[in-house]
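See below for the structure under consideration.
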Amino acid sequence: EPLVAVLRAGQGAPEQEATCMAVAALGILANSADDGRKVAIVEAGALEPLVAVLSAGQSQPEREITANAAGALGDLAFGDEGRKDSIVEASALEPLVAVLRAGQGAPEQEATCMAVAALGILANSADDGRKVAIVEAGALEPLVAVLSAGQSQPEREITANAAGALGDLAFGDEGRKDSIVEASALEPLVAVL
């Protein structure tokens with residue numbers, strides 16, 4: 001809880017060193033197979049302050065704190081549908097998409113990589129409502145931009161994550177499939193093959 005208190009005290013200000021260190025520490029703690037630790041982080045109230053940090057830094061995807069906040073949210077989402085829902089309810093989708101837009105699909109930026117991974121984890125679900133929310137947050141075009149930028153490097157994790165996110169979003173709904181095709185995803189997907 002002291003880490004979350006530091007985030008709250010900094011009010012999401014990414015320029016404060018204590019905020020940067022608290023986000024990094026929470027990200028390291030969340031990067032674990034230990035679901036109990038992830039539950040404890042969420043129950044300590046970390047989601048809203050992490051989203052605030054991500055929102056404050058979304059126009060600066062080159063900043064390490066932006067990458068750490070996106071990575072922490074992705075790690076917290078991994079493996080649990082309830083935590084995925086909590087992250088969406090904490091209004092994380094728009095800032096994650098904004099990081100992708102600000103990075104202009106640049107796969108070399110760590111924040112772009114972490115935002116793609118987080119969106120992919122959130123999309124990897126049978127929950128159609130969450131997939132609809134991701135699409136409505138405007139994720140398709142920036143995911144296609146990342147995929148297009150990385151298509152010459154199919155071995156890169158971000159390329160696989162962008163392709164996987166698009167596939168997960170397409171699964172189970174003809175309308176979303178059409179939206180992905182309309183977002184010009186086919187050519188970059190084929191280019192990765």
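Ligands are numbered from 1 in the order shown, chains are lettered A, B, ... in the order of the structure tokens, and residues start at 1 in each chain.
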
Note to self: Can you tell me which residues surround Ala46 in chain A at a distance of at most 12 Å, considering only C-alpha atoms, apart from same-chain residues fewer than 3 positions away, and format the answer as a PyMOL selection string?
What the structure shows: chain A and resi 1-8+12+22-23+25-27+29-30+38-43+49-53+69+72-73+76+83+86-87+90

Margin query: Quick one: residues within 10 Å of Cys113 in chain A, only C-alpha atoms, excluding same-chain residues fewer than 2 positions away - as an MDAnalysis selection string?
Written below: chainID A and resid 61 67 70:71 99:100 103 105:111 115:118 146 156:159 161:162

Taking N, CA and C atoms for each residue, export the selection above as a PDB file, in the first residue's frame.
```
ATOM      1  N   PRO A  61       5.551   8.650 -25.237  1.00  0.00           N
ATOM      2  CA  PRO A  61       5.767   7.204 -25.195  1.00  0.00           C
ATOM      3  C   PRO A  61       7.234   6.814 -25.052  1.00  0.00           C
ATOM      4  N   ALA A  67       6.149   3.331 -20.266  1.00  0.00           N
ATOM      5  CA  ALA A  67       6.309   1.902 -20.551  1.00  0.00           C
ATOM      6  C   ALA A  67       6.047   1.075 -19.299  1.00  0.00           C
ATOM      7  N   ALA A  70       2.226   0.945 -18.546  1.00  0.00           N
ATOM      8  CA  ALA A  70       1.536   0.055 -19.493  1.00  0.00           C
ATOM      9  C   ALA A  70       1.897  -1.398 -19.216  1.00  0.00           C
ATOM     10  N   GLY A  71       3.174  -1.659 -18.942  1.00  0.00           N
ATOM     11  CA  GLY A  71       3.616  -3.017 -18.646  1.00  0.00           C
ATOM     12  C   GLY A  71       2.988  -3.561 -17.373  1.00  0.00           C
ATOM     13  N   VAL A  99      -1.123   5.962 -26.174  1.00  0.00           N
ATOM     14  CA  VAL A  99       0.322   5.677 -26.229  1.00  0.00           C
ATOM     15  C   VAL A  99       0.693   5.161 -27.613  1.00  0.00           C
ATOM     16  N   LEU A 100      -0.133   4.279 -28.160  1.00  0.00           N
ATOM     17  CA  LEU A 100       0.136   3.758 -29.511  1.00  0.00           C
ATOM     18  C   LEU A 100       0.087   4.878 -30.543  1.00  0.00           C
ATOM     19  N   GLY A 103       3.101   7.143 -30.232  1.00  0.00           N
ATOM     20  CA  GLY A 103       4.305   6.485 -30.725  1.00  0.00           C
ATOM     21  C   GLY A 103       4.298   6.295 -32.227  1.00  0.00           C
ATOM     22  N   GLY A 105       3.121   4.132 -34.090  1.00  0.00           N
ATOM     23  CA  GLY A 105       3.417   2.782 -34.536  1.00  0.00           C
ATOM     24  C   GLY A 105       4.876   2.409 -34.421  1.00  0.00           C
ATOM     25  N   ALA A 106       5.674   3.217 -33.735  1.00  0.00           N
ATOM     26  CA  ALA A 106       7.115   2.964 -33.637  1.00  0.00           C
ATOM     27  C   ALA A 106       7.387   1.756 -32.740  1.00  0.00           C
ATOM     28  N   PRO A 107       7.722   0.614 -33.334  1.00  0.00           N
ATOM     29  CA  PRO A 107       7.902  -0.595 -32.530  1.00  0.00           C
ATOM     30  C   PRO A 107       9.147  -0.573 -31.660  1.00  0.00           C
ATOM     31  N   GLU A 108      10.035   0.408 -31.882  1.00  0.00           N
ATOM     32  CA  GLU A 108      11.254   0.449 -31.073  1.00  0.00           C
ATOM     33  C   GLU A 108      11.020   1.122 -29.722  1.00  0.00           C
ATOM     34  N   GLN A 109       9.900   1.764 -29.546  1.00  0.00           N
ATOM     35  CA  GLN A 109       9.617   2.430 -28.276  1.00  0.00           C
ATOM     36  C   GLN A 109       9.021   1.423 -27.293  1.00  0.00           C
ATOM     37  N   GLU A 110       9.644   1.337 -26.139  1.00  0.00           N
ATOM     38  CA  GLU A 110       9.220   0.369 -25.124  1.00  0.00           C
ATOM     39  C   GLU A 110       7.765   0.581 -24.710  1.00  0.00           C
ATOM     40  N   ALA A 111       7.324   1.820 -24.597  1.00  0.00           N
ATOM     41  CA  ALA A 111       5.931   2.081 -24.209  1.00  0.00           C
ATOM     42  C   ALA A 111       4.964   1.544 -25.265  1.00  0.00           C
ATOM     43  N   ALA A 115       2.176  -1.208 -24.432  1.00  0.00           N
ATOM     44  CA  ALA A 115       0.761  -0.912 -24.682  1.00  0.00           C
ATOM     45  C   ALA A 115       0.149  -1.961 -25.608  1.00  0.00           C
ATOM     46  N   VAL A 116       0.891  -2.379 -26.637  1.00  0.00           N
ATOM     47  CA  VAL A 116       0.403  -3.436 -27.537  1.00  0.00           C
ATOM     48  C   VAL A 116       0.193  -4.720 -26.752  1.00  0.00           C
ATOM     49  N   ALA A 117       1.167  -5.073 -25.918  1.00  0.00           N
ATOM     50  CA  ALA A 117       1.052  -6.302 -25.125  1.00  0.00           C
ATOM     51  C   ALA A 117      -0.152  -6.228 -24.184  1.00  0.00           C
ATOM     52  N   ALA A 118      -0.337  -5.091 -23.521  1.00  0.00           N
ATOM     53  CA  ALA A 118      -1.462  -4.945 -22.594  1.00  0.00           C
ATOM     54  C   ALA A 118      -2.795  -5.067 -23.329  1.00  0.00           C
ATOM     55  N   VAL A 146       1.291  -0.383 -35.899  1.00  0.00           N
ATOM     56  CA  VAL A 146       2.409  -1.095 -35.261  1.00  0.00           C
ATOM     57  C   VAL A 146       2.772  -2.322 -36.084  1.00  0.00           C
ATOM     58  N   ARG A 156      10.140 -10.009 -34.115  1.00  0.00           N
ATOM     59  CA  ARG A 156       9.981  -9.125 -32.958  1.00  0.00           C
ATOM     60  C   ARG A 156       8.696  -9.448 -32.214  1.00  0.00           C
ATOM     61  N   GLU A 157       8.792  -9.420 -30.908  1.00  0.00           N
ATOM     62  CA  GLU A 157       7.652  -9.732 -30.053  1.00  0.00           C
ATOM     63  C   GLU A 157       6.484  -8.785 -30.298  1.00  0.00           C
ATOM     64  N   ILE A 158       6.773  -7.519 -30.544  1.00  0.00           N
ATOM     65  CA  ILE A 158       5.696  -6.547 -30.748  1.00  0.00           C
ATOM     66  C   ILE A 158       4.888  -6.872 -32.003  1.00  0.00           C
ATOM     67  N   THR A 159       5.554  -7.378 -33.036  1.00  0.00           N
ATOM     68  CA  THR A 159       4.852  -7.753 -34.266  1.00  0.00           C
ATOM     69  C   THR A 159       3.887  -8.892 -33.970  1.00  0.00           C
ATOM     70  N   ASN A 161       2.657  -9.641 -31.018  1.00  0.00           N
ATOM     71  CA  ASN A 161       1.614  -9.147 -30.111  1.00  0.00           C
ATOM     72  C   ASN A 161       0.542  -8.365 -30.862  1.00  0.00           C
ATOM     73  N   ALA A 162       0.953  -7.541 -31.826  1.00  0.00           N
ATOM     74  CA  ALA A 162      -0.029  -6.769 -32.607  1.00  0.00           C
ATOM     75  C   ALA A 162      -0.901  -7.709 -33.440  1.00  0.00           C
TER      76      ALA A 162
END
```

Note to self: Please extract the residues of chain A with a backbone DSSP assignment of alpha helix (DSSP H) and present them as an MDAnalysis selection string.
What the structure shows: chainID A and resid 2:9 17:30 35:43 47:57 64:77 81:89 93:102 110:123 128:136 140:150 157:170 174:182 186:192

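With only C-alpha atoms taken into account, the protein and nucleic acid residues at most 10 Å from Ser184 in chain A (excluding it and anything under 3 positions from it in its own chain) are A:Leu140, A:Glu141, A:Val144, A:Ala145, A:Ser148, A:Ser179, A:Ile180, A:Val181, A:Glu187, A:Pro188, A:Leu189.
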
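You will find CA of Ala24 in chain A at 7.2 Å from CA of Ile65 in chain A.
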
Margin query: Set the distance at 10 Å and use only C-alpha atoms: which residues neighbour Asp127 in chain A once local chain neighbours fewer than 6 positions away are removed? I'd like the list as a list in words.
Written below: Glu81, Lys84, Asp85 and Gly172 of chain A

Take the residues just selected and output them with N, CA and C atoms as a CSV table (one decimal), in the first residue's frame.
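Just written: out_4.csv:
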```csv
chain,number,residue,atom,x,y,z
A,81,GLU,N,-9.7,-13.0,-15.8
A,81,GLU,CA,-10.7,-12.2,-16.4
A,81,GLU,C,-11.2,-11.1,-15.5
A,84,LYS,N,-8.9,-8.2,-15.7
A,84,LYS,CA,-9.0,-7.6,-17.0
A,84,LYS,C,-10.2,-6.6,-16.9
A,85,ASP,N,-11.3,-7.1,-16.4
A,85,ASP,CA,-12.5,-6.2,-16.3
A,85,ASP,C,-12.2,-5.0,-15.4
A,172,GLY,N,-14.8,-14.4,-33.0
A,172,GLY,CA,-16.2,-14.5,-32.5
A,172,GLY,C,-17.2,-13.4,-32.9
```

Checklist line | Shell of 9 Å around Gly138 in chain A, only C-alpha atoms, local chain residues under 2 positions omitted, as a PyMOL selection string | finding: chain A and resi 93-94+97-98+133-136+140-142

Next item on the list: Can you work out the spacing between CA of Asp128 in chain A and CA of Phe171 in chain A in Å, to one decimal?
Entry: 9.1 Å

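Between Ile121 in chain A and the residues A:Cys20, A:Ala191, A:Ala165, A:Ala33, the shortest atom-to-atom distance, using only C-alpha atoms, involves A:Ala165.
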
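Using only C-alpha atoms, the smallest distance between any of A:Pro95, A:Gly120, A:Gly79, A:Gly167 and Ser55 in chain A comes from A:Pro95.
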
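Compared by their closest atoms to Arg130 in chain A, and using only C-alpha atoms, the residues A:Met114, A:Leu169, A:Leu147, A:Leu96 rank with A:Leu169 nearest.
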
Notebook entry, point to check: Could you work out how far CA of Arg37 in chain A lies from CA of Val88 in chain A, giving the answer in Å with one decimal?
Noted result: 19.6 Å

Check: Counting only C-alpha atoms, which of A:Gly175, A:Arg63, A:Asn68, A:Gly57 gets nearest to Met21 in chain A?
Finding: A:Asn68

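Each of A:Ala149, A:Gln16, A:Ser91, A:Asp173 was compared to Leu54 in chain A using only C-alpha atoms, and A:Ser91 turns out to be the nearest.
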